[in-house]
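> One file: my_file-v5.pdb (PDB, C-alpha atoms, pLDDT in the B column).
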MODEL        1
ATOM      1  CA  MET C   1      55.138   9.793 -17.358  1.00 48.00           C
ATOM      2  CA  SER C   2      51.374  10.102 -17.495  1.00 50.00           C
ATOM      3  CA  ASP C   3      49.493  13.336 -18.176  1.00 55.00           C
ATOM      4  CA  ALA C   4      46.443  11.984 -16.405  1.00 59.00           C
ATOM      5  CA  THR C   5      45.538  13.829 -13.247  1.00 56.00           C
ATOM      6  CA  PRO C   6      44.560  11.604 -10.352  1.00 54.00           C
ATOM      7  CA  THR C   7      40.859  11.312  -9.660  1.00 56.00           C
ATOM      8  CA  PRO C   8      40.082  12.700  -6.211  1.00 58.00           C
ATOM      9  CA  THR C   9      38.748  10.199  -3.704  1.00 62.00           C
ATOM     10  CA  PRO C  10      35.051  10.844  -3.116  1.00 75.00           C
ATOM     11  CA  THR C  11      33.829  12.058   0.246  1.00 92.00           C
ATOM     12  CA  ARG C  12      31.805   9.310   1.935  1.00 96.00           C
ATOM     13  CA  TYR C  13      29.655   9.409   5.064  1.00 97.00           C
ATOM     14  CA  VAL C  14      27.349   6.901   6.767  1.00 98.00           C
ATOM     15  CA  ALA C  15      24.618   7.348   9.366  1.00 97.00           C
ATOM     16  CA  LEU C  16      22.380   4.831  11.067  1.00 96.00           C
ATOM     17  CA  VAL C  17      18.622   5.211  10.865  1.00 94.00           C
ATOM     18  CA  GLY C  18      16.788   4.400  14.092  1.00 89.00           C
ATOM     19  CA  ALA C  19      13.088   3.842  14.641  1.00 82.00           C
ATOM     20  CA  ILE C  20      10.994   6.251  12.583  1.00 78.00           C
ATOM     21  CA  ALA C  21       8.078   7.845  14.413  1.00 72.00           C
ATOM     22  CA  GLY C  22       4.921   8.282  12.350  1.00 66.00           C
ATOM     23  CA  GLU C  23       4.587   7.719   8.628  1.00 66.00           C
ATOM     24  CA  ARG C  24       7.364   7.608   6.056  1.00 62.00           C
ATOM     25  CA  ARG C  25       7.994  11.007   4.494  1.00 58.00           C
ATOM     26  CA  VAL C  26       9.327   9.470   1.303  1.00 63.00           C
ATOM     27  CA  ALA C  27       8.529   6.105  -0.257  1.00 59.00           C
ATOM     28  CA  GLN C  28      11.150   4.342  -2.348  1.00 62.00           C
ATOM     29  CA  THR C  29       9.967   1.775  -4.890  1.00 56.00           C
ATOM     30  CA  ALA C  30      11.582  -0.463  -7.473  1.00 61.00           C
ATOM     31  CA  GLY C  31      10.819   1.174 -10.818  1.00 61.00           C
ATOM     32  CA  PHE C  32       8.307   3.698 -12.055  1.00 60.00           C
ATOM     33  CA  PRO C  33       5.374   4.293 -11.812  1.00 62.00           C
ATOM     34  CA  LEU C  34       5.078   3.926  -8.050  1.00 64.00           C
ATOM     35  CA  ASP C  35       3.739   0.503  -7.217  1.00 68.00           C
ATOM     36  CA  PRO C  36       2.833  -0.342  -3.597  1.00 70.00           C
ATOM     37  CA  ALA C  37       3.695  -3.978  -4.330  1.00 71.00           C
ATOM     38  CA  LYS C  38       7.278  -2.941  -5.085  1.00 74.00           C
ATOM     39  CA  MET C  39       7.919  -0.814  -1.981  1.00 78.00           C
ATOM     40  CA  LEU C  40      11.536  -0.972  -0.870  1.00 82.00           C
ATOM     41  CA  PRO C  41      12.261  -1.693   2.796  1.00 84.00           C
ATOM     42  CA  LEU C  42      12.982   0.970   5.390  1.00 88.00           C
ATOM     43  CA  PRO C  43      16.734   1.511   5.708  1.00 93.00           C
ATOM     44  CA  ASP C  44      18.937   0.852   8.702  1.00 95.00           C
ATOM     45  CA  VAL C  45      21.787   2.941   7.307  1.00 97.00           C
ATOM     46  CA  VAL C  46      22.332   5.669   4.735  1.00 97.00           C
ATOM     47  CA  LEU C  47      25.506   6.280   2.744  1.00 98.00           C
ATOM     48  CA  VAL C  48      26.427   9.493   0.936  1.00 98.00           C
ATOM     49  CA  VAL C  49      29.117   9.388  -1.742  1.00 97.00           C
ATOM     50  CA  ALA C  50      30.030  12.872  -2.946  1.00 94.00           C
ATOM     51  CA  ASP C  51      32.291  13.668  -5.888  1.00 88.00           C
ATOM     52  CA  ARG C  52      35.095  16.072  -4.972  1.00 78.00           C
ATOM     53  CA  GLY C  53      35.730  16.994  -8.595  1.00 73.00           C
ATOM     54  CA  PRO C  54      34.341  19.902 -10.587  1.00 72.00           C
ATOM     55  CA  GLY C  55      30.592  19.721 -10.964  1.00 74.00           C
ATOM     56  CA  GLY C  56      30.322  17.680  -7.780  1.00 79.00           C
ATOM     57  CA  GLY C  57      27.173  15.787  -7.156  1.00 93.00           C
ATOM     58  CA  ALA C  58      26.344  13.226  -4.504  1.00 96.00           C
ATOM     59  CA  MET C  59      24.466   9.952  -4.310  1.00 96.00           C
ATOM     60  CA  LEU C  60      22.407   9.062  -1.252  1.00 97.00           C
ATOM     61  CA  PHE C  61      22.100   5.284  -0.848  1.00 97.00           C
ATOM     62  CA  ARG C  62      19.825   3.548   1.641  1.00 95.00           C
ATOM     63  CA  TYR C  63      20.425  -0.036   2.857  1.00 97.00           C
ATOM     64  CA  THR C  64      19.097  -2.487   5.387  1.00 94.00           C
ATOM     65  CA  ALA C  65      21.531  -4.125   7.824  1.00 95.00           C
ATOM     66  CA  HIS C  66      21.184  -7.256   5.666  1.00 94.00           C
ATOM     67  CA  GLY C  67      22.410  -5.519   2.513  1.00 96.00           C
ATOM     68  CA  GLU C  68      19.075  -4.944   0.781  1.00 94.00           C
ATOM     69  CA  LEU C  69      18.940  -1.748  -1.261  1.00 93.00           C
ATOM     70  CA  ALA C  70      16.280   0.538   0.209  1.00 92.00           C
ATOM     71  CA  GLY C  71      16.586   3.255  -2.446  1.00 91.00           C
ATOM     72  CA  ASP C  72      19.018   5.762  -3.916  1.00 93.00           C
ATOM     73  CA  THR C  73      18.818   9.346  -5.137  1.00 92.00           C
ATOM     74  CA  TRP C  74      21.163  11.829  -6.829  1.00 93.00           C
ATOM     75  CA  HIS C  75      21.755  15.299  -5.360  1.00 95.00           C
ATOM     76  CA  ALA C  76      23.682  18.341  -6.545  1.00 94.00           C
ATOM     77  CA  SER C  77      25.905  18.452  -3.435  1.00 92.00           C
ATOM     78  CA  LEU C  78      26.914  16.665  -0.260  1.00 93.00           C
ATOM     79  CA  ALA C  79      24.927  19.184   1.793  1.00 93.00           C
ATOM     80  CA  GLU C  80      21.811  18.592  -0.314  1.00 95.00           C
ATOM     81  CA  ALA C  81      22.105  14.799   0.043  1.00 95.00           C
ATOM     82  CA  ARG C  82      22.566  15.030   3.811  1.00 96.00           C
ATOM     83  CA  GLY C  83      19.651  17.472   3.974  1.00 96.00           C
ATOM     84  CA  GLN C  84      17.453  14.976   2.118  1.00 94.00           C
ATOM     85  CA  ALA C  85      18.374  12.254   4.611  1.00 95.00           C
ATOM     86  CA  ALA C  86      17.557  14.622   7.487  1.00 95.00           C
ATOM     87  CA  TYR C  87      14.186  15.402   5.881  1.00 92.00           C
ATOM     88  CA  GLU C  88      13.341  11.732   5.318  1.00 92.00           C
ATOM     89  CA  TYR C  89      14.412  10.370   8.700  1.00 92.00           C
ATOM     90  CA  GLY C  90      14.332  13.362  11.075  1.00 91.00           C
ATOM     91  CA  ASP C  91      15.297  12.519  14.643  1.00 91.00           C
ATOM     92  CA  ALA C  92      15.779   8.860  13.688  1.00 92.00           C
ATOM     93  CA  LEU C  93      18.986   9.804  11.832  1.00 94.00           C
ATOM     94  CA  VAL C  94      22.035   9.131  14.009  1.00 93.00           C
ATOM     95  CA  PRO C  95      25.026  11.519  13.575  1.00 94.00           C
ATOM     96  CA  TRP C  96      27.131  11.003  10.455  1.00 96.00           C
ATOM     97  CA  ILE C  97      30.574   9.402  10.493  1.00 96.00           C
ATOM     98  CA  GLU C  98      33.102   9.614   7.680  1.00 96.00           C
ATOM     99  CA  VAL C  99      34.012   6.364   5.931  1.00 97.00           C
ATOM    100  CA  PRO C 100      37.780   5.902   6.440  1.00 95.00           C
ATOM    101  CA  GLU C 101      39.828   6.563   3.285  1.00 92.00           C
ATOM    102  CA  GLU C 102      41.432   3.113   3.432  1.00 94.00           C
ATOM    103  CA  ILE C 103      38.006   1.491   2.938  1.00 96.00           C
ATOM    104  CA  GLY C 104      37.630   0.547  -0.717  1.00 94.00           C
ATOM    105  CA  ASP C 105      33.942  -0.456  -0.752  1.00 97.00           C
ATOM    106  CA  ALA C 106      31.888   2.139   1.117  1.00 97.00           C
ATOM    107  CA  HIS C 107      28.660   0.241   0.413  1.00 97.00           C
ATOM    108  CA  ALA C 108      29.903  -2.948   2.111  1.00 97.00           C
ATOM    109  CA  PHE C 109      31.271  -0.803   4.951  1.00 98.00           C
ATOM    110  CA  ALA C 110      27.870   0.846   5.475  1.00 98.00           C
ATOM    111  CA  VAL C 111      26.008  -2.469   5.584  1.00 97.00           C
ATOM    112  CA  ARG C 112      28.574  -4.058   7.908  1.00 97.00           C
ATOM    113  CA  TYR C 113      28.539  -0.963  10.153  1.00 96.00           C
ATOM    114  CA  ALA C 114      24.736  -1.114  10.437  1.00 95.00           C
ATOM    115  CA  PHE C 115      24.743  -4.850  11.095  1.00 95.00           C
ATOM    116  CA  GLU C 116      27.403  -4.580  13.816  1.00 93.00           C
ATOM    117  CA  GLN C 117      25.868  -1.531  15.465  1.00 91.00           C
ATOM    118  CA  LEU C 118      22.345  -2.937  15.471  1.00 85.00           C
ATOM    119  CA  ASN C 119      23.552  -6.267  16.855  1.00 78.00           C
ATOM    120  CA  SER C 120      25.296  -4.450  19.720  1.00 70.00           C
ATOM    121  CA  ARG C 121      22.393  -2.036  20.333  1.00 58.00           C
ATOM    122  CA  GLY C 122      22.268  -2.801  24.072  1.00 53.00           C
ATOM    123  CA  ASP C 123      25.934  -1.786  24.374  1.00 53.00           C
ATOM    124  CA  TRP C 124      25.308   1.871  23.477  1.00 46.00           C
TER     125      TRP C 124
ENDMDL
END
Would you put the structure from the file into structure tokens?

Amino acid sequence: MSDATPTPTPTRYVALVGAIAGERRVAQTAGFPLDPAKMLPLPDVVLVVADRGPGGGAMLFRYTAHGELAGDTWHASLAEARGQAAYEYGDALVPWIEVPEEIGDAHAFAVRYAFEQLNSRGDW
């Protein structure tokens, strides 16, 4: 019998990012200092992975529908991460959906979800 307590499954949400009106509010680059030559692409989807354990914390990942990383940031809570996404993308942010628990790779799910939804854009 093991004394190890099971690690809680993280809370995971995805949201599509539509067309952004105006200028970007936040620029994501590869590395520091900020280098315009290393600007990351605008995302098509955002993924939040929040730790349910003590101390919490959440990562906000941004991806294109082709799987390119468009940036990531750490936040103290799920609410803070979702608030950051709302700040960055405003009305372009489509409502969040929860990643089903049976999905093992939330990152692949997010990219596939964006690809499928954007390819069927005329259907919705």
> Find, counting only C-alpha atoms, the residue in C:Thr64, C:Thr11, C:Asn119, C:Ser77 that gets nearest to Glu101 (chain C).
C:Thr11
> Would you mind telling me which residue in C:Val45, C:Met59, C:Ala108, C:Met39 lies nearest to Ala19 (chain C) when using all atoms listed in the file?
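Smallest separation from Ala19 (chain C) among the options: C:Val45.
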> Counting only C-alpha atoms, which of C:Asp51, C:Asp72, C:Glu80, C:Asp91 gets nearest to Ala21 (chain C)?
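Among the listed residues, the smallest separation from Ala21 (chain C) belongs to C:Asp91.
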> With a distance cut-off of 9 Å and all atoms listed in the file, select the neighbouring residues of Arg112 (chain C), excluding the residue or stretch itself and same-chain residues fewer than 5 positions from it, and output the selection as a ChimeraX atom specification.
/C:65-67,107,117
> From the options C:Tyr63, C:Val46, C:Ala58, C:Val94, which residue's atoms come nearest to Val14 (chain C), counting only C-alpha atoms?
C:Val46
> Between CA of Glu116 (chain C) and CA of Ala85 (chain C), what is the distance in Å, rounded to a tenth?
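These atoms are spaced 21.2 Å apart.
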> Work out how far apart CA of Ala15 (chain C) and CA of Asp44 (chain C) are and give it in Å to one decimal.
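Spanning CA of Ala15 (chain C) to CA of Asp44 (chain C) is a straight-line distance of 8.7 Å.
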> Could you work out how far CA of Ile20 (chain C) lies from CA of His75 (chain C), giving the answer in Å with one decimal?
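If I compute the distance from CA of His75 (chain C) to CA of Ile20 (chain C), I get 22.8 Å.
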> Name the residues that the PyMOL selection byres ((chain C and resi 93) around 7) picks from the file above, as an mmCIF file with C-alpha atoms, keeping the file's coordinate frame, using the file's chain letters and numbers.

data_model
loop_
_atom_site.group_PDB
_atom_site.id
_atom_site.type_symbol
_atom_site.label_atom_id
_atom_site.label_comp_id
_atom_site.auth_asym_id
_atom_site.auth_seq_id
_atom_site.Cartn_x
_atom_site.Cartn_y
_atom_site.Cartn_z
ATOM 1 C CA ALA C 15 24.618 7.348 9.366
ATOM 2 C CA LEU C 16 22.380 4.831 11.067
ATOM 3 C CA VAL C 17 18.622 5.211 10.865
ATOM 4 C CA GLY C 18 16.788 4.400 14.092
ATOM 5 C CA ALA C 86 17.557 14.622 7.487
ATOM 6 C CA TYR C 89 14.412 10.370 8.700
ATOM 7 C CA GLY C 90 14.332 13.362 11.075
ATOM 8 C CA ASP C 91 15.297 12.519 14.643
ATOM 9 C CA ALA C 92 15.779 8.860 13.688
ATOM 10 C CA VAL C 94 22.035 9.131 14.009
ATOM 11 C CA PRO C 95 25.026 11.519 13.575
#
> Counting all atoms listed in the file, write as number ranges by chain all protein and nucleic acid residues lying at most 6 Å from (30.3, 1.2, 9.1) in the file's frame.
C: 109-110, 112-113
> Tell me which protein, DNA and RNA residues are within 9 Å of Pro100 (chain C), counting all atoms listed in the file, leaving out same-chain ones fewer than 5 positions away, and put them as a list in words.
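Here the qualifying residues turn out to be Arg12, Tyr13 and Ala106 of chain C.
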> Export, as a PDB file, in the frame of the given file, the selected residues with C-alpha atoms.

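The resulting part-v7.pdb:
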ATOM      1  CA  ARG C  12      31.805   9.310   1.935  1.00 96.00           C
ATOM      2  CA  TYR C  13      29.655   9.409   5.064  1.00 97.00           C
ATOM      3  CA  ALA C 106      31.888   2.139   1.117  1.00 97.00           C
TER       4      ALA C 106
END
> Of the residues C:Pro36, C:Pro10, C:Pro54, C:Pro43, which is the one nearest to Val111 (chain C), using only C-alpha atoms?
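Checking each of C:Pro36, C:Pro10, C:Pro54, C:Pro43 against Val111 (chain C), counting only C-alpha atoms, the winner is C:Pro43.
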> Any chance you could resolve the PyMOL selection byres ((chain C and resi 60) around 6) against this file and give the residues as number ranges by chain?
C: 47-48, 59, 61, 72-73, 81
